[in-house]
file run.txt (compact mmCIF, C-alpha atoms and all ligand atoms)
# COMPACT_ATOMS: atom_id res chain seq x y z
CA MET Z 1 0.23 1.80 -19.85
CA LYS Z 2 -1.90 1.27 -16.72
CA GLN Z 3 -2.06 4.08 -14.19
CA ARG Z 4 0.02 3.45 -11.10
CA ILE Z 5 -1.72 3.99 -7.74
CA LEU Z 6 -0.41 3.82 -4.19
CA SER Z 7 -2.03 4.12 -0.79
CA GLY Z 8 -1.54 2.96 2.77
CA ILE Z 9 -3.17 2.53 6.16
CA GLN Z 10 -1.65 2.40 9.62
CA PRO Z 11 -1.98 -0.88 11.52
CA SER Z 12 -3.42 0.92 14.53
CA GLY Z 13 -6.59 -1.10 15.11
CA ALA Z 14 -9.55 -2.62 13.30
CA LEU Z 15 -10.71 -0.72 10.22
CA HIS Z 16 -14.05 1.09 10.30
CA LEU Z 17 -16.67 2.00 7.73
CA GLY Z 18 -15.02 5.42 7.22
CA ASN Z 19 -11.78 3.74 6.14
CA TYR Z 20 -13.70 1.50 3.78
CA ILE Z 21 -15.91 4.18 2.23
CA GLY Z 22 -13.26 6.93 2.13
CA ALA Z 23 -10.31 4.87 0.94
CA ILE Z 24 -10.47 1.10 0.37
CA ARG Z 25 -13.64 1.08 -1.71
CA GLN Z 26 -11.79 3.10 -4.35
CA TRP Z 27 -8.80 0.78 -4.14
CA LYS Z 28 -11.04 -2.15 -4.92
CA ASP Z 29 -12.66 -0.36 -7.83
CA LEU Z 30 -9.26 0.56 -9.28
CA GLN Z 31 -7.50 -2.77 -8.91
CA ASP Z 32 -8.35 -4.07 -12.40
CA SER Z 33 -7.62 -0.90 -14.31
CA SER Z 34 -4.40 0.11 -12.57
CA ASP Z 35 -1.04 -1.09 -11.33
CA ALA Z 36 -1.71 -0.80 -7.61
CA PHE Z 37 0.51 -0.81 -4.51
CA PHE Z 38 -1.11 -0.94 -1.07
CA CYS Z 39 1.03 -0.61 1.99
CA ILE Z 40 0.68 -1.41 5.68
CA VAL Z 41 2.46 1.62 7.12
CA ASP Z 42 3.83 0.12 10.34
CA TYR Z 43 6.59 2.71 10.76
CA HIS Z 44 3.90 5.40 10.78
CA ALA Z 45 2.09 3.56 13.58
CA ILE Z 46 5.11 3.83 15.91
CA THR Z 47 4.96 7.64 15.83
CA VAL Z 48 2.74 7.16 18.89
CA PRO Z 49 3.36 4.54 21.62
CA GLN Z 50 2.49 0.94 20.63
CA ASP Z 51 2.47 -2.35 22.50
CA PRO Z 52 4.69 -4.78 20.46
CA GLN Z 53 2.27 -7.71 20.55
CA ASP Z 54 -0.66 -5.47 19.60
CA LEU Z 55 1.31 -3.95 16.74
CA TYR Z 56 2.34 -7.38 15.45
CA ASP Z 57 -1.27 -8.58 15.58
CA ASN Z 58 -2.60 -5.39 13.99
CA ILE Z 59 -0.20 -5.73 11.04
CA HIS Z 60 -1.45 -9.25 10.29
CA GLN Z 61 -5.07 -8.31 10.88
CA LEU Z 62 -4.76 -5.42 8.46
CA ALA Z 63 -3.21 -7.72 5.83
CA ALA Z 64 -6.13 -10.12 6.31
CA MET Z 65 -8.62 -7.26 6.07
CA TYR Z 66 -7.09 -5.96 2.81
CA VAL Z 67 -7.72 -9.37 1.25
CA ALA Z 68 -11.10 -9.95 2.94
CA ILE Z 69 -12.41 -6.66 1.58
CA GLY Z 70 -11.66 -7.86 -1.93
CA LEU Z 71 -8.14 -6.77 -2.84
CA ASP Z 72 -6.72 -9.60 -4.93
CA PRO Z 73 -3.03 -10.25 -4.14
CA ASN Z 74 -2.62 -11.61 -7.68
CA LYS Z 75 -3.61 -8.26 -9.12
CA VAL Z 76 -2.21 -5.76 -6.60
CA THR Z 77 0.97 -5.52 -4.56
CA LEU Z 78 0.25 -5.75 -0.82
CA PHE Z 79 3.26 -5.07 1.36
CA LYS Z 80 4.57 -3.87 4.68
CA GLN Z 81 6.40 -0.54 4.78
CA SER Z 82 9.14 -1.77 7.14
CA ASP Z 83 9.95 -4.59 4.68
CA VAL Z 84 11.21 -2.08 2.11
CA SER Z 85 14.10 -0.09 3.57
CA ALA Z 86 14.00 2.40 0.68
CA HIS Z 87 11.08 4.10 2.51
CA THR Z 88 13.16 5.21 5.49
CA GLU Z 89 16.17 6.01 3.29
CA LEU Z 90 14.17 8.29 1.04
CA ALA Z 91 12.37 9.78 4.05
CA TRP Z 92 15.72 10.93 5.45
CA ILE Z 93 16.67 12.49 2.14
CA LEU Z 94 13.29 14.23 1.84
CA ASN Z 95 13.61 15.53 5.42
CA CYS Z 96 16.45 17.60 4.02
CA PHE Z 97 14.06 19.08 1.44
CA SER Z 98 11.19 19.83 3.86
CA HIS Z 99 10.74 23.01 5.80
CA MET Z 100 9.92 23.23 9.50
CA GLY Z 101 7.13 25.73 8.78
CA GLU Z 102 5.28 23.51 6.32
CA LEU Z 103 5.36 20.53 8.70
CA GLU Z 104 4.22 22.70 11.61
CA ARG Z 105 1.11 23.55 9.58
CA MET Z 106 -0.05 19.92 9.21
CA THR Z 107 -3.39 19.56 11.00
CA GLN Z 108 -2.97 15.83 11.76
CA TYR Z 109 0.33 16.66 13.50
CA LYS Z 110 -1.29 19.42 15.52
CA ASP Z 111 -4.16 17.12 16.60
CA LYS Z 112 -1.94 14.16 17.50
CA LYS Z 113 0.59 16.36 19.27
CA ALA Z 114 -2.21 17.70 21.46
CA LYS Z 115 -3.30 14.11 22.25
CA HIS Z 116 0.21 12.90 23.14
CA LYS Z 117 1.39 16.04 24.91
CA GLN Z 118 3.96 14.47 27.18
CA ARG Z 119 5.46 12.19 24.57
CA SER Z 120 5.14 14.06 21.29
CA THR Z 121 8.10 12.83 19.21
CA VAL Z 122 10.18 13.96 16.27
CA GLY Z 123 8.73 10.96 14.41
CA LEU Z 124 5.25 12.42 14.77
CA PHE Z 125 6.55 15.70 13.38
CA THR Z 126 8.22 14.17 10.30
CA TYR Z 127 5.40 11.63 9.75
CA PRO Z 128 4.24 13.42 6.54
CA VAL Z 129 7.76 13.22 5.10
CA LEU Z 130 7.79 9.43 5.51
CA MET Z 131 4.39 9.44 3.81
CA ALA Z 132 5.87 11.50 0.96
CA ALA Z 133 8.61 8.88 0.61
CA ASP Z 134 6.03 6.05 0.61
CA ILE Z 135 4.31 7.73 -2.29
CA LEU Z 136 7.14 9.13 -4.40
CA LEU Z 137 9.17 5.90 -4.47
CA TYR Z 138 6.47 4.26 -6.61
CA GLN Z 139 5.94 7.15 -9.07
CA PRO Z 140 2.13 6.88 -8.79
CA HIS Z 141 -0.31 8.90 -10.87
CA LEU Z 142 -2.97 8.76 -8.13
CA VAL Z 143 -3.14 8.48 -4.35
CA PRO Z 144 -6.64 7.32 -3.29
CA VAL Z 145 -7.29 8.49 0.29
CA GLY Z 146 -10.00 10.07 2.44
CA GLU Z 147 -10.27 13.84 2.69
CA ASP Z 148 -8.22 14.10 5.89
CA GLN Z 149 -5.09 13.08 3.95
CA LYS Z 150 -5.39 15.78 1.29
CA GLN Z 151 -3.00 18.12 3.07
CA HIS Z 152 -0.34 15.38 3.27
CA VAL Z 153 -0.60 14.65 -0.45
CA GLU Z 154 -0.27 18.37 -1.21
CA LEU Z 155 2.88 18.50 0.90
CA THR Z 156 4.19 15.45 -1.00
CA ARG Z 157 3.65 17.30 -4.27
CA ASN Z 158 5.47 20.37 -2.96
CA ILE Z 159 8.47 18.38 -1.77
CA ALA Z 160 8.63 16.50 -5.09
CA GLU Z 161 8.44 19.71 -7.12
CA ARG Z 162 11.19 21.25 -5.01
CA PHE Z 163 13.46 18.25 -5.61
CA ASN Z 164 12.63 18.12 -9.33
CA GLN Z 165 13.40 21.82 -9.73
CA ARG Z 166 16.82 21.43 -8.23
CA TYR Z 167 17.87 18.07 -9.72
CA GLY Z 168 15.70 17.67 -12.84
CA GLU Z 169 12.68 15.37 -13.39
CA THR Z 170 12.94 12.68 -10.73
CA PHE Z 171 9.50 12.20 -9.18
CA ARG Z 172 6.09 12.04 -10.83
CA ILE Z 173 3.79 14.63 -9.21
CA PRO Z 174 0.82 12.56 -7.98
CA ASP Z 175 -2.82 13.61 -7.80
CA VAL Z 176 -5.01 12.92 -4.79
CA LEU Z 177 -8.17 10.89 -5.44
CA HIS Z 178 -11.21 11.18 -3.15
CA PRO Z 179 -14.48 9.30 -3.62
CA LYS Z 180 -17.39 11.36 -4.97
CA GLN Z 181 -19.43 10.45 -1.91
CA GLY Z 182 -18.06 9.61 1.52
CA ALA Z 183 -14.58 11.19 1.47
CA ARG Z 184 -15.30 12.17 5.07
CA ILE Z 185 -17.60 9.85 7.01
CA MET Z 186 -18.58 11.39 10.30
CA SER Z 187 -18.76 9.92 13.78
CA LEU Z 188 -22.09 8.30 14.70
CA ASP Z 189 -22.20 10.06 18.06
CA ASP Z 190 -21.03 13.46 16.79
CA PRO Z 191 -21.60 14.38 13.13
CA THR Z 192 -19.17 17.31 13.44
CA LYS Z 193 -16.20 14.94 13.95
CA LYS Z 194 -14.77 12.41 11.50
CA MET Z 195 -15.30 8.70 12.19
CA SER Z 196 -11.99 7.62 13.74
CA LYS Z 197 -10.67 4.42 15.28
CA SER Z 198 -8.70 6.32 17.88
CA ALA Z 199 -11.85 8.06 19.15
CA THR Z 200 -12.43 8.03 22.90
CA THR Z 201 -15.56 5.87 22.68
CA GLU Z 202 -16.43 2.99 20.35
CA ARG Z 203 -19.93 4.36 19.84
CA GLY Z 204 -18.77 6.69 17.08
CA TYR Z 205 -17.53 4.09 14.62
CA ILE Z 206 -18.58 0.78 13.14
CA SER Z 207 -15.64 -1.57 12.91
CA LEU Z 208 -15.58 -3.93 9.95
CA ILE Z 209 -15.37 -6.77 12.48
CA ASP Z 210 -18.22 -5.63 14.74
CA PRO Z 211 -20.70 -8.49 15.27
CA PRO Z 212 -24.33 -7.95 14.11
CA ASP Z 213 -25.74 -7.12 17.56
CA VAL Z 214 -23.09 -4.42 18.08
CA VAL Z 215 -23.79 -2.90 14.65
CA MET Z 216 -27.52 -2.82 15.43
CA LYS Z 217 -26.90 -1.17 18.80
CA LYS Z 218 -24.51 1.46 17.43
CA VAL Z 219 -26.81 2.43 14.54
CA LYS Z 220 -29.87 2.62 16.80
CA ARG Z 221 -27.95 4.88 19.17
CA ALA Z 222 -26.58 7.10 16.38
CA VAL Z 223 -27.30 10.79 16.75
CA THR Z 224 -30.02 12.13 14.40
CA ASP Z 225 -31.16 15.64 13.51
CA SER Z 226 -34.32 17.36 14.65
CA GLY Z 227 -37.48 16.57 12.64
CA ASP Z 228 -38.28 13.14 11.23
CA GLU Z 229 -37.51 13.39 7.53
CA VAL Z 230 -34.90 11.04 6.05
CA LYS Z 231 -33.10 13.51 3.80
CA ALA Z 232 -29.51 14.34 2.85
CA VAL Z 233 -29.55 18.13 3.15
CA ALA Z 234 -27.13 20.71 4.56
CA ASP Z 235 -29.07 21.29 7.79
CA LYS Z 236 -29.26 17.52 8.49
CA PRO Z 237 -25.59 16.53 8.88
CA ALA Z 238 -26.34 13.37 10.91
CA LEU Z 239 -28.90 12.05 8.40
CA THR Z 240 -26.67 12.98 5.48
CA ASN Z 241 -23.91 10.91 7.05
CA LEU Z 242 -26.20 7.90 7.68
CA LEU Z 243 -27.50 8.10 4.10
CA THR Z 244 -23.94 8.24 2.74
CA ILE Z 245 -23.18 5.06 4.68
CA TYR Z 246 -26.42 3.43 3.48
CA THR Z 247 -25.68 4.13 -0.18
CA ALA Z 248 -22.10 2.85 0.19
CA VAL Z 249 -23.16 -0.53 1.60
CA THR Z 250 -26.00 -1.14 -0.87
CA ALA Z 251 -26.51 -0.70 -4.60
CA LYS Z 252 -29.12 2.04 -3.95
CA SER Z 253 -28.63 5.75 -4.61
CA ILE Z 254 -29.31 8.34 -1.90
CA GLY Z 255 -32.41 9.51 -3.83
CA GLU Z 256 -33.81 5.97 -3.92
CA ILE Z 257 -33.19 5.50 -0.21
CA GLU Z 258 -34.86 8.82 0.65
CA GLN Z 259 -37.91 7.69 -1.36
CA LEU Z 260 -38.13 4.44 0.61
CA TYR Z 261 -38.55 6.28 3.90
CA VAL Z 262 -40.88 9.15 3.00
CA GLY Z 263 -43.22 9.59 5.98
CA GLN Z 264 -41.64 6.66 7.85
CA GLY Z 265 -39.62 8.48 10.53
CA TYR Z 266 -36.18 7.50 11.74
CA GLY Z 267 -36.95 4.18 13.49
CA ARG Z 268 -37.47 1.95 10.47
CA PHE Z 269 -34.69 3.75 8.56
CA LYS Z 270 -32.14 3.04 11.27
CA LYS Z 271 -33.17 -0.60 11.67
CA GLU Z 272 -32.90 -1.25 7.94
CA LEU Z 273 -29.64 0.67 7.69
CA ALA Z 274 -28.20 -1.57 10.42
CA GLU Z 275 -29.44 -4.66 8.56
CA ALA Z 276 -27.85 -3.44 5.34
CA ILE Z 277 -24.51 -2.89 7.11
CA ILE Z 278 -24.71 -6.34 8.70
CA GLU Z 279 -25.36 -7.94 5.29
CA PHE Z 280 -22.52 -5.98 3.75
CA LEU Z 281 -20.09 -7.02 6.49
CA ARG Z 282 -21.07 -10.71 6.58
CA PRO Z 283 -18.93 -11.97 3.63
CA ILE Z 284 -16.03 -9.70 4.63
CA GLN Z 285 -16.05 -11.11 8.16
CA GLU Z 286 -16.28 -14.71 6.92
CA LYS Z 287 -13.27 -14.26 4.66
CA TYR Z 288 -11.39 -12.35 7.36
CA ASN Z 289 -11.90 -15.10 9.95
CA GLU Z 290 -10.72 -17.71 7.48
CA LEU Z 291 -7.54 -15.75 6.67
CA ILE Z 292 -6.70 -14.99 10.29
CA ASP Z 293 -6.58 -18.76 10.85
CA HIS Z 294 -3.98 -19.11 8.06
CA PRO Z 295 -1.08 -16.85 9.03
CA ALA Z 296 1.31 -18.70 6.66
CA GLU Z 297 -0.80 -17.66 3.70
CA LEU Z 298 -0.74 -14.01 4.80
CA GLN Z 299 3.01 -14.25 5.26
CA LYS Z 300 3.37 -15.53 1.71
CA ILE Z 301 1.34 -12.62 0.34
CA LEU Z 302 3.49 -10.10 2.25
CA GLU Z 303 6.72 -11.81 1.12
CA ALA Z 304 5.68 -11.60 -2.53
CA GLY Z 305 4.67 -7.96 -2.02
CA LYS Z 306 8.02 -7.15 -0.42
CA GLU Z 307 9.88 -8.53 -3.41
CA LYS Z 308 7.84 -6.62 -5.98
CA ALA Z 309 7.72 -3.35 -4.02
CA SER Z 310 11.48 -3.42 -3.27
CA THR Z 311 12.35 -3.73 -6.94
CA VAL Z 312 10.20 -0.76 -7.95
CA ALA Z 313 11.25 1.41 -4.99
CA GLN Z 314 14.95 0.77 -5.49
CA ILE Z 315 14.89 2.21 -9.02
CA THR Z 316 13.65 5.57 -7.71
CA LEU Z 317 15.98 5.54 -4.72
CA ASP Z 318 19.03 4.83 -6.92
CA ASP Z 319 18.07 7.69 -9.23
CA VAL Z 320 17.72 10.07 -6.26
CA LYS Z 321 21.05 8.98 -4.77
CA THR Z 322 22.81 9.37 -8.11
CA LYS Z 323 21.43 12.89 -8.51
CA LEU Z 324 22.49 13.81 -4.98
CA GLY Z 325 26.01 12.54 -5.66
CA VAL Z 326 25.98 9.82 -2.99
CA ILE Z 327 26.26 6.89 -5.40
P1 LIG R 401 -6.77 7.15 13.45
O1 LIG R 401 -8.07 7.57 14.00
O2 LIG R 401 -6.10 6.05 14.21
O3 LIG R 401 -5.86 8.30 13.09
P2 LIG R 401 -8.23 6.74 11.15
O4 LIG R 401 -9.41 5.99 11.58
O5 LIG R 401 -8.36 8.20 10.90
O6 LIG R 401 -7.07 6.45 12.11
P3 LIG R 401 -6.32 6.06 9.07
O7 LIG R 401 -5.66 4.76 9.26
O8 LIG R 401 -5.55 7.28 9.44
O9 LIG R 401 -7.72 6.05 9.81
O10 LIG R 401 -6.83 6.21 7.57
C1 LIG R 401 -6.83 5.23 6.59
C2 LIG R 401 -7.55 5.74 5.36
O11 LIG R 401 -8.92 5.92 5.66
C3 LIG R 401 -7.04 7.12 4.88
O12 LIG R 401 -7.07 7.15 3.47
C4 LIG R 401 -8.04 8.08 5.46
O13 LIG R 401 -8.14 9.26 4.69
C5 LIG R 401 -9.32 7.26 5.37
N1 LIG R 401 -10.27 7.67 6.42
C6 LIG R 401 -10.07 7.63 7.75
N2 LIG R 401 -11.15 8.07 8.42
C7 LIG R 401 -12.06 8.40 7.47
C8 LIG R 401 -13.39 8.92 7.52
N3 LIG R 401 -13.98 9.18 8.67
N4 LIG R 401 -14.03 9.13 6.35
C9 LIG R 401 -13.45 8.87 5.15
N5 LIG R 401 -12.19 8.38 5.04
C10 LIG R 401 -11.50 8.14 6.17
N1 LIG R 402 -1.09 9.10 6.65
C1 LIG R 402 -2.00 8.12 6.19
C2 LIG R 402 -1.41 6.76 6.03
C3 LIG R 402 -0.34 6.73 4.98
C4 LIG R 402 -0.52 6.85 3.58
C5 LIG R 402 0.78 6.73 3.01
C6 LIG R 402 -1.65 7.03 2.76
C7 LIG R 402 0.99 6.58 5.18
N2 LIG R 402 1.67 6.57 4.01
C8 LIG R 402 0.97 6.81 1.62
C9 LIG R 402 -1.44 7.12 1.38
C10 LIG R 402 -0.14 7.01 0.83
C11 LIG R 402 -3.15 8.04 7.20
O1 LIG R 402 -3.01 8.42 8.30
N3 LIG R 402 -4.24 7.54 6.82

call {"tool": "encode", "arguments": {"input": "run.txt", "output": "structure tokens"}}
result
Amino acid sequence: MKQRILSGIQPSGALHLGNYIGAIRQWKDLQDSSDAFFCIVDYHAITVPQDPQDLYDNIHQLAAMYVAIGLDPNKVTLFKQSDVSAHTELAWILNCFSHMGELERMTQYKDKKAKHKQRSTVGLFTYPVLMAADILLYQPHLVPVGEDQKQHVELTRNIAERFNQRYGETFRIPDVLHPKQGARIMSLDDPTKKMSKSATTERGYISLIDPPDVVMKKVKRAVTDSGDEVKAVADKPALTNLLTIYTAVTAKSIGEIEQLYVGQGYGRFKKELAEAIIEFLRPIQEKYNELIDHPAELQKILEAGKEKASTVAQITLDDVKTKLGVI
């Protein structure tokens, strides 16, 4: 039996290299050997204010990006969370098995609450419970995500264990899967913060749809460490981050890259890193532009995904409802 995997991304703007290296790269690598479900988590996106037209566009752009990056809709199930009503149904049920204290401890909640002070919603608070529902419905063995999502997957495991203890084996307890390198890509303008699309300036991240001149500019402006050695070591967090990006977009190991720039300083390293990123992005952007021009094709992929995901999710939901005594 193939391993089942499930992951998701919010349609909250163009993806960046951190999303690719921390999450989607693993999805791509796993698509042949596993039974994979990848979700566009649109109901998670509305936990903070969204413009309707932007959200609609972002959903379709994310679907196009999933395919452009190399996920094959014939091998994996690509679907939209709001298309499968079992997600919100199970989320309600799991809310009744989640404790206030454990949700209050979630660092993503604390960060986002601080950002949206005036309009912090209950949805933002129970966001991790909806994520637990997304996961548990599909009984996955693995959840491939970046490091920032580890706490949410641990919460998912705790909620599932609690339910299983009370009602008998219902949910598989999933393991989190992080990449060996690049589980936390840092911001280009501040290597102490993670690369994020909701950062205050665009200088910190490279979007997968940034044109070549923008990539070159952002890499050239990236913060570096003191000294001039190109080395991935603990006291060079900025260089370590740039080298992690370099190795992810080429077939070269960090050791090989370090060797290439011995005694060369940062200038040539940054220029060639930018060129490598541009080369890496070129085919992705070509495919993406082609797909964006064919919305009917994207719609067809999401329709097929909805069908397949609904069937799998409903089996778990029916089991849960039977155990609760509501069927
Ligand atoms: P936002 O900044 O809007 O919260 P984000 O850029 O952090 O978004 P998400 O959509 O929350 O990205 O994350 C999608 C996936 O990418 C998740 O699996 C997450 O762990 C991973 N990811 C996000 N940022 C990074 C990063 N800097 N390094 C590695 N993985 C990341
Ligand atoms: N919380 C995640 C997005 C997400 C997710 C999921 C990831 C929602 N549901 C299920 C993996 C599995 C994020 O912010 N990146």

call {"tool": "residues_near_ligand", "arguments": {"input": "run.txt", "ligand": "ligand LIG 402 (chain R)", "cutoff": "9 Å", "atoms": "only C-alpha atoms and all ligand atoms", "output": "ChimeraX atom specification"}}
result
/Z:6-10,19,23,38-45,81,108,127-128,130-136,143-146,148-149,152-153

call {"tool": "closest_residue", "arguments": {"input": "run.txt", "among": "Z:Ile46, Z:Leu15, Z:Ile209, Z:Ile185", "to": "Leu124 (chain Z)", "atoms": "only C-alpha atoms"}}
result
Z:Ile46

call {"tool": "residues_near_point", "arguments": {"input": "run.txt", "point": "(-7.5, 0.9, -9.8)", "cutoff": "12 Å", "atoms": "only C-alpha atoms", "output": "PyMOL selection string"}}
result
chain Z and resi 2-7+23-38+71-72+75-77+140-144+177

call {"tool": "closest_residue", "arguments": {"input": "run.txt", "among": "Z:Ile173, Z:Met195, Z:Ala14, Z:Ala64", "to": "ligand LIG 401 (chain R)", "atoms": "all atoms listed in the file"}}
result
Z:Met195

call {"tool": "closest_residue", "arguments": {"input": "run.txt", "among": "Z:Leu78, Z:Val312, Z:Val67, Z:Leu208", "to": "Ile21 (chain Z)", "atoms": "only C-alpha atoms"}}
result
Z:Leu208

call {"tool": "axis_aligned_box", "arguments": {"input": "run.txt", "around": "region 219-228 of chain Z", "padding_each_side": "4 Å", "output": "AutoDock Vina command-line options"}}
result
--center_x -32.4 --center_y 9.9 --center_z 15.2 --size_x 19.7 --size_y 22.9 --size_z 15.9

call {"tool": "atom_distance", "arguments": {"input": "run.txt", "atom1": "CA of Asp83 (chain Z)", "atom2": "CA of Glu307 (chain Z)"}}
result
9.0 Å

call {"tool": "closest_residue", "arguments": {"input": "run.txt", "among": "Z:Gly204, Z:Pro191, Z:Pro211, Z:Gly265", "to": "Val230 (chain Z)", "atoms": "only C-alpha atoms"}}
result
Z:Gly265

call {"tool": "residues_around", "arguments": {"input": "run.txt", "residues": "Gln259 (chain Z)", "least_positions_apart": "4", "cutoff": "12 Å", "atoms": "only C-alpha atoms", "output": "PyMOL selection string"}}
result
chain Z and resi 229-232+243+252-255+263-264+269

call {"tool": "closest_residue", "arguments": {"input": "run.txt", "among": "Z:Leu260, Z:Ala114, Z:Ile159, Z:Ala313", "to": "Ser98 (chain Z)", "atoms": "only C-alpha atoms"}}
result
Z:Ile159
